[in-house]
Amino acid sequence: MVPAPLLTRVEKGSKRPNPALKEGVQESRGIVVVSQTQQTKIHNGLTILAQRMDHVRSAVVNLLIPAGFVHEPKGEEGIANVLSEMLQRGAGKLDSKAFAQALDRLGIDLDCSVGAHHLRITATGMADKIDHILGFIRDVALAAKLPASELASAKELALQELQGLDDEPRGQVIKELRSNHFPHPYGNSRYGTPEGIQAITHANLKGFWERHGHAKGSILSVAGLIDPVSVFNCVEKLFSGWAPGKETPIKLGKRGQLTAHIEKETQQTQIALAWDSVHPSHPDYYQAQGLVNVLSGGMSSRLFTEVREKQGLCYSVWATHVSLHDRGAIFAYAGTTNDRAPLTLASVKREIARITDGITKEEVDQVRVGLKSALLMQEDSSMTRAASIASDWYHLGRVRPLEEIEAAVMALTPKSILEYAKKYAPKELTQVTMGPEMGKAVAPKVKAKPTVAPVVKEVAKKAAPVKAAPVKAAPVKAAPPKAAAAAMPNQTKKAPTKIPVATKAKPAVKPVKTTPKKK
């Protein structure tokens, strides 16, 4: 059992209910129990969350460390991504090769990735290997070797990943949209920049890790067929020597351009739009999710039906909610052929504006079903649950019981979503387009370089008007090319709708390149 002095939110020596705990929260043997999730905090500031899942045989450990790309020094953009690679190249007494072999012998899958706020270390294995899993996580967090001899290859991999965006235009335009819409450093990308990656030295890498790789503000979540009390005991023993450190405040700078076009000689035009929304702890968060799913919750959603199916304007169209700790945004995307780009842009803007005209009961019923299905799928995945409870703790300071989320989803109504839509109707849209033809109709062209970050050019200080005149598209005899699976929660094909989490890790599935039909 974890010693009482190390626990938080528990009245030492008292058997009375703690009045600070909300309804649905119980105390058991000095450990805070929130629905099925138990929580504690050890002396150095590390928060531990554990949830037993009797219907699975696996165990997942998820460690969030406040070393995300928003903390990267100017001129070293990409250092967090390089660090996530270097952390896997040996730890404890094992060099890179021996470390990989030890993981393979035990059937443990370990991965490091980076998001806006956190660097994430995740390890998965059979539940009876939980002590080994926690041991590997501990070695990476506290005793990573970070071999100087392997920095060059880690930097080269980061550069290749960045250059890979040249072959994935959707990711490239979304990267630029984020950079333009959010203020610095929230507009940064996990990919970094070529100049920033090349400037990274071994001393700078170690310094960044020493400043941000600490226990205070870190969250360790465990889900699977585990005993929470045993997990707490093991974590306390392994991580008690981790230095607390100091949390680094984020200094906000200026945002990017409101409207930009990237010239690129392709047969496709990429269109991306963004407008402000709410953060996950905001009372209107579920209404924001409802609106996004009315726009892009499946094959019967408005963007898919009106822009793709009825008008045949694009092969891919979707919208998603992007959540940061103190702000949020809705991103919309469409991929189309060059000749149909202006019509597609006008049609997407028209659907965004039309949302305030009214929402039907049938649309809300479909949103409820989609969100509830996604919620039920969370219960079947230890990986998803471990990430979800850590995200909840970071954003809300508590873990939402699944019953609470389900009740909030079922409480959505056409009126509540419409009130949100009117309250947060976009006053201006951030717009980024990419392709050879779009610039003629929208913005002066700026030629993109093939293997470096795209060059963009400001074309207007005011947003393009949201409402556009109705446009009739020419009938299409042949079905549009199938879209590649979008690396976002909402896709062009019907898929379970996910409730976004805060820290964004590397996509589990790499985007697939789509080759459109040539005319």
# chains A, B, ... in the order shown; residues from 1 in each chain; ligands from 1

call {"tool": "residues_around", "arguments": {"residues": "Leu396 (chain A)", "least_positions_apart": "3", "cutoff": "6 Å", "atoms": "only C-alpha atoms", "output": "list in words"}}
result
Ser281, Asp392 and Trp393 of chain A

call {"tool": "residues_around", "arguments": {"residues": "Phe69 (chain A)", "least_positions_apart": "6", "cutoff": "10 Å", "atoms": "only C-alpha atoms", "output": "mmCIF file with N, CA and C atoms, in the first residue's frame"}}
result
data_model
loop_
_atom_site.group_PDB
_atom_site.id
_atom_site.type_symbol
_atom_site.label_atom_id
_atom_site.label_comp_id
_atom_site.auth_asym_id
_atom_site.auth_seq_id
_atom_site.Cartn_x
_atom_site.Cartn_y
_atom_site.Cartn_z
ATOM 1 N N GLU A 77 13.787 24.364 -33.431
ATOM 2 C CA GLU A 77 12.503 23.725 -33.678
ATOM 3 C C GLU A 77 12.716 22.311 -34.207
ATOM 4 N N GLY A 78 12.134 21.344 -33.527
ATOM 5 C CA GLY A 78 12.323 19.934 -33.870
ATOM 6 C C GLY A 78 13.112 19.183 -32.824
ATOM 7 N N ILE A 79 13.624 19.874 -31.796
ATOM 8 C CA ILE A 79 14.469 19.210 -30.802
ATOM 9 C C ILE A 79 13.669 18.202 -29.975
ATOM 10 N N ALA A 80 12.375 18.481 -29.716
ATOM 11 C CA ALA A 80 11.558 17.538 -28.964
ATOM 12 C C ALA A 80 11.343 16.252 -29.753
ATOM 13 N N ASN A 81 11.162 16.365 -31.069
ATOM 14 C CA ASN A 81 10.976 15.179 -31.902
ATOM 15 C C ASN A 81 12.259 14.358 -31.974
ATOM 16 N N VAL A 114 5.946 12.928 -29.551
ATOM 17 C CA VAL A 114 5.858 14.271 -28.996
ATOM 18 C C VAL A 114 4.605 14.974 -29.491
ATOM 19 N N GLY A 115 3.961 15.719 -28.579
ATOM 20 C CA GLY A 115 2.809 16.528 -28.902
ATOM 21 C C GLY A 115 3.068 17.964 -28.492
ATOM 22 N N ALA A 116 2.020 18.771 -28.475
ATOM 23 C CA ALA A 116 2.192 20.186 -28.167
ATOM 24 C C ALA A 116 2.710 20.390 -26.751
ATOM 25 N N HIS A 117 2.053 19.783 -25.775
ATOM 26 C CA HIS A 117 2.398 20.026 -24.376
ATOM 27 C C HIS A 117 3.335 18.982 -23.779
ATOM 28 N N HIS A 118 3.278 17.757 -24.277
ATOM 29 C CA HIS A 118 3.995 16.668 -23.619
ATOM 30 C C HIS A 118 4.814 15.819 -24.587
ATOM 31 N N LEU A 119 5.856 15.241 -24.048
ATOM 32 C CA LEU A 119 6.534 14.113 -24.676
ATOM 33 C C LEU A 119 5.932 12.866 -24.038
ATOM 34 N N PRO A 185 4.037 29.745 -29.217
ATOM 35 C CA PRO A 185 4.546 28.547 -29.888
ATOM 36 C C PRO A 185 3.491 27.483 -30.165
ATOM 37 N N TYR A 186 2.183 27.780 -29.903
ATOM 38 C CA TYR A 186 1.148 26.791 -30.166
ATOM 39 C C TYR A 186 1.054 26.462 -31.654
ATOM 40 N N GLY A 187 1.518 27.383 -32.483
ATOM 41 C CA GLY A 187 1.490 27.140 -33.916
ATOM 42 C C GLY A 187 2.654 26.308 -34.413
ATOM 43 N N ASN A 188 3.566 25.951 -33.520
ATOM 44 C CA ASN A 188 4.694 25.112 -33.927
ATOM 45 C C ASN A 188 4.219 23.733 -34.358
ATOM 46 N N SER A 189 5.092 23.004 -34.999
ATOM 47 C CA SER A 189 4.791 21.643 -35.436
ATOM 48 C C SER A 189 5.782 20.685 -34.801
ATOM 49 N N ARG A 190 5.334 19.474 -34.548
ATOM 50 C CA ARG A 190 6.249 18.474 -33.991
ATOM 51 C C ARG A 190 7.382 18.147 -34.958
ATOM 52 N N TYR A 191 7.168 18.419 -36.261
ATOM 53 C CA TYR A 191 8.207 18.114 -37.243
ATOM 54 C C TYR A 191 9.399 19.055 -37.120
ATOM 55 N N GLY A 192 9.170 20.265 -36.602
ATOM 56 C CA GLY A 192 10.252 21.238 -36.545
ATOM 57 C C GLY A 192 10.518 21.867 -37.896
#

call {"tool": "atom_distance", "arguments": {"atom1": "CA of Pro436 (chain A)", "atom2": "CA of Arg354 (chain A)"}}
result
29.1 Å

call {"tool": "closest_residue", "arguments": {"among": "A:Lys251, A:Lys93, A:Lys216, A:Arg52", "to": "His71 (chain A)", "atoms": "only C-alpha atoms"}}
result
A:Lys251

call {"tool": "select_by_dssp", "arguments": {"residues": "region 240-399 of chain A", "states": "strand (DSSP E or B)", "output": "PyMOL selection string"}}
result
chain A and resi 259-263+268-277+316-323+328-337

call {"tool": "residues_around", "arguments": {"residues": "Val231 (chain A)", "least_positions_apart": "3", "cutoff": "12 Å", "atoms": "only C-alpha atoms", "output": "PyMOL selection string"}}
result
chain A and resi 1-2+38-40+48-52+59-61+127-135+220-228+234-239

call {"tool": "residues_around", "arguments": {"residues": "Gly290 (chain A)", "least_positions_apart": "2", "cutoff": "10 Å", "atoms": "only C-alpha atoms", "output": "list in words"}}
result
Asp284, Tyr285, Tyr286, Gln287, Ala288, Val292, Asn293, Val294, Leu295, Ser296, Gly297, Glu363, Val364, Gln366, Val367, Arg368, Leu371, Val409, Leu412, Thr413, Pro414, Ser416, Ile417, Leu418, Tyr420 and Ala421 of chain A

call {"tool": "residues_around", "arguments": {"residues": "Gly328 (chain A)", "least_positions_apart": "3", "cutoff": "6 Å", "atoms": "only C-alpha atoms", "output": "list of chain:residue names"}}
result
A:Ser277, A:Val278, A:His279, A:Val322, A:Ser323, A:Leu324

call {"tool": "closest_residue", "arguments": {"among": "A:Ala152, A:Ser347, A:Arg327, A:Gln257", "to": "Glu306 (chain A)", "atoms": "only C-alpha atoms"}}
result
A:Ser347

call {"tool": "closest_residue", "arguments": {"among": "A:Ala272, A:Ile137, A:Val70, A:Met383", "to": "Val348 (chain A)", "atoms": "only C-alpha atoms"}}
result
A:Ala272

call {"tool": "closest_residue", "arguments": {"among": "A:Leu83, A:Ala143, A:Val432, A:Val317", "to": "Glu176 (chain A)", "atoms": "only C-alpha atoms"}}
result
A:Val432

call {"tool": "closest_residue", "arguments": {"among": "A:Gly397, A:Gly312, A:Gly171, A:Gly45", "to": "Thr344 (chain A)", "atoms": "only C-alpha atoms"}}
result
A:Gly312

call {"tool": "select_by_dssp", "arguments": {"residues": "region 219-319 of chain A", "states": "alpha helix (DSSP H)", "output": "NGL selection string"}}
result
:A and (228-239 or 285-296 or 302)

call {"tool": "atom_distance", "arguments": {"atom1": "CA of Gln172 (chain A)", "atom2": "CA of Ile262 (chain A)"}}
result
9.9 Å

call {"tool": "residues_around", "arguments": {"residues": "Cys314 (chain A)", "least_positions_apart": "4", "cutoff": "9 Å", "atoms": "only C-alpha atoms", "output": "NGL selection string"}}
result
:A and (307-309 or 334-337 or 340-341 or 344 or 480-481)

call {"tool": "closest_residue", "arguments": {"among": "A:Glu403, A:Ala386, A:Tyr394, A:Glu85", "to": "Lys372 (chain A)", "atoms": "only C-alpha atoms"}}
result
A:Glu403

call {"tool": "decode", "arguments": {"residues": "region 48-96 of chain A", "atoms": "N, CA and C atoms", "output": "tab-separated table (two decimals), in the first residue's frame"}}
result
chain	number	residue	atom	x	y	z
A	48	ILE	N	-0.14	9.62	-10.53
A	48	ILE	CA	-0.31	8.24	-11.00
A	48	ILE	C	-1.79	7.93	-11.08
A	49	LEU	N	-2.21	7.41	-12.22
A	49	LEU	CA	-3.60	7.01	-12.44
A	49	LEU	C	-3.62	5.54	-12.84
A	50	ALA	N	-4.58	4.79	-12.33
A	50	ALA	CA	-4.65	3.37	-12.67
A	50	ALA	C	-6.10	2.94	-12.79
A	51	GLN	N	-6.39	2.16	-13.82
A	51	GLN	CA	-7.74	1.62	-14.01
A	51	GLN	C	-7.65	0.15	-14.40
A	52	ARG	N	-8.32	-0.67	-13.63
A	52	ARG	CA	-8.35	-2.11	-13.92
A	52	ARG	C	-9.43	-2.39	-14.97
A	53	MET	N	-9.07	-3.20	-15.96
A	53	MET	CA	-10.00	-3.60	-17.01
A	53	MET	C	-10.00	-5.13	-17.06
A	54	ASP	N	-11.01	-5.72	-16.49
A	54	ASP	CA	-11.03	-7.18	-16.33
A	54	ASP	C	-11.21	-7.93	-17.64
A	55	HIS	N	-11.71	-7.27	-18.67
A	55	HIS	CA	-12.02	-7.97	-19.92
A	55	HIS	C	-10.84	-8.00	-20.89
A	56	VAL	N	-9.68	-7.45	-20.51
A	56	VAL	CA	-8.50	-7.48	-21.37
A	56	VAL	C	-7.40	-8.28	-20.70
A	57	ARG	N	-6.38	-8.66	-21.46
A	57	ARG	CA	-5.24	-9.40	-20.91
A	57	ARG	C	-3.95	-8.59	-20.98
A	58	SER	N	-4.05	-7.39	-21.51
A	58	SER	CA	-2.88	-6.55	-21.70
A	58	SER	C	-2.79	-5.50	-20.59
A	59	ALA	N	-1.66	-4.80	-20.59
A	59	ALA	CA	-1.45	-3.66	-19.71
A	59	ALA	C	-0.72	-2.58	-20.50
A	60	VAL	N	-1.15	-1.34	-20.35
A	60	VAL	CA	-0.54	-0.22	-21.06
A	60	VAL	C	-0.11	0.83	-20.03
A	61	VAL	N	1.14	1.28	-20.17
A	61	VAL	CA	1.66	2.34	-19.32
A	61	VAL	C	1.92	3.55	-20.21
A	62	ASN	N	1.40	4.69	-19.81
A	62	ASN	CA	1.45	5.90	-20.61
A	62	ASN	C	2.02	7.02	-19.72
A	63	LEU	N	3.18	7.55	-20.05
A	63	LEU	CA	3.82	8.59	-19.25
A	63	LEU	C	3.88	9.88	-20.06
A	64	LEU	N	3.23	10.93	-19.55
A	64	LEU	CA	3.27	12.25	-20.16
A	64	LEU	C	4.27	13.12	-19.38
A	65	ILE	N	5.25	13.67	-20.10
A	65	ILE	CA	6.28	14.51	-19.50
A	65	ILE	C	6.18	15.89	-20.15
A	66	PRO	N	6.18	16.98	-19.36
A	66	PRO	CA	5.99	18.32	-19.94
A	66	PRO	C	7.18	18.80	-20.75
A	67	ALA	N	7.43	18.10	-21.87
A	67	ALA	CA	8.55	18.44	-22.75
A	67	ALA	C	8.07	18.46	-24.20
A	68	GLY	N	6.88	19.02	-24.43
A	68	GLY	CA	6.32	19.09	-25.77
A	68	GLY	C	6.97	20.17	-26.62
A	69	PHE	N	6.54	20.28	-27.87
A	69	PHE	CA	7.22	21.19	-28.80
A	69	PHE	C	6.92	22.67	-28.52
A	70	VAL	N	5.94	22.97	-27.64
A	70	VAL	CA	5.71	24.38	-27.29
A	70	VAL	C	6.85	24.92	-26.43
A	71	HIS	N	7.69	24.03	-25.90
A	71	HIS	CA	8.81	24.46	-25.06
A	71	HIS	C	10.13	24.55	-25.83
A	72	GLU	N	10.11	24.29	-27.12
A	72	GLU	CA	11.35	24.30	-27.89
A	72	GLU	C	11.95	25.70	-28.00
A	73	PRO	N	13.25	25.82	-27.81
A	73	PRO	CA	13.90	27.13	-27.95
A	73	PRO	C	13.84	27.61	-29.40
A	74	LYS	N	13.80	28.92	-29.57
A	74	LYS	CA	13.82	29.47	-30.91
A	74	LYS	C	15.13	29.11	-31.60
A	75	GLY	N	15.01	28.65	-32.84
A	75	GLY	CA	16.19	28.23	-33.59
A	75	GLY	C	16.50	26.75	-33.44
A	76	GLU	N	15.76	26.04	-32.55
A	76	GLU	CA	15.95	24.60	-32.37
A	76	GLU	C	14.62	23.87	-32.52
A	77	GLU	N	13.79	24.36	-33.43
A	77	GLU	CA	12.50	23.73	-33.68
A	77	GLU	C	12.72	22.31	-34.21
A	78	GLY	N	12.13	21.34	-33.53
A	78	GLY	CA	12.32	19.93	-33.87
A	78	GLY	C	13.11	19.18	-32.82
A	79	ILE	N	13.62	19.87	-31.80
A	79	ILE	CA	14.47	19.21	-30.80
A	79	ILE	C	13.67	18.20	-29.98
A	80	ALA	N	12.38	18.48	-29.72
A	80	ALA	CA	11.56	17.54	-28.96
A	80	ALA	C	11.34	16.25	-29.75
A	81	ASN	N	11.16	16.36	-31.07
A	81	ASN	CA	10.98	15.18	-31.90
A	81	ASN	C	12.26	14.36	-31.97
A	82	VAL	N	13.39	15.02	-32.11
A	82	VAL	CA	14.68	14.31	-32.12
A	82	VAL	C	14.89	13.64	-30.76
A	83	LEU	N	14.54	14.31	-29.68
A	83	LEU	CA	14.69	13.73	-28.35
A	83	LEU	C	13.85	12.47	-28.20
A	84	SER	N	12.62	12.48	-28.74
A	84	SER	CA	11.77	11.30	-28.63
A	84	SER	C	12.39	10.09	-29.31
A	85	GLU	N	13.19	10.31	-30.35
A	85	GLU	CA	13.91	9.23	-31.01
A	85	GLU	C	15.12	8.80	-30.19
A	86	MET	N	15.86	9.75	-29.65
A	86	MET	CA	17.07	9.44	-28.89
A	86	MET	C	16.77	8.71	-27.58
A	87	LEU	N	15.60	8.96	-26.99
A	87	LEU	CA	15.25	8.29	-25.74
A	87	LEU	C	15.14	6.78	-25.89
A	88	GLN	N	14.91	6.31	-27.10
A	88	GLN	CA	14.75	4.88	-27.34
A	88	GLN	C	16.06	4.18	-27.69
A	89	ARG	N	17.17	4.94	-27.64
A	89	ARG	CA	18.46	4.38	-28.05
A	89	ARG	C	19.34	4.05	-26.86
A	90	GLY	N	18.79	3.19	-26.01
A	90	GLY	CA	19.53	2.73	-24.85
A	90	GLY	C	19.11	3.43	-23.57
A	91	ALA	N	19.01	2.66	-22.49
A	91	ALA	CA	18.63	3.22	-21.19
A	91	ALA	C	19.11	2.29	-20.10
A	92	GLY	N	19.33	2.86	-18.91
A	92	GLY	CA	19.83	2.07	-17.80
A	92	GLY	C	21.20	1.51	-18.10
A	93	LYS	N	21.37	0.19	-17.96
A	93	LYS	CA	22.64	-0.47	-18.23
A	93	LYS	C	22.74	-1.00	-19.66
A	94	LEU	N	21.72	-0.76	-20.45
A	94	LEU	CA	21.65	-1.36	-21.78
A	94	LEU	C	21.90	-0.33	-22.87
A	95	ASP	N	22.74	-0.69	-23.85
A	95	ASP	CA	22.91	0.19	-25.00
A	95	ASP	C	21.72	0.02	-25.95
A	96	SER	N	21.76	0.70	-27.07
A	96	SER	CA	20.62	0.72	-27.97
A	96	SER	C	20.20	-0.67	-28.42
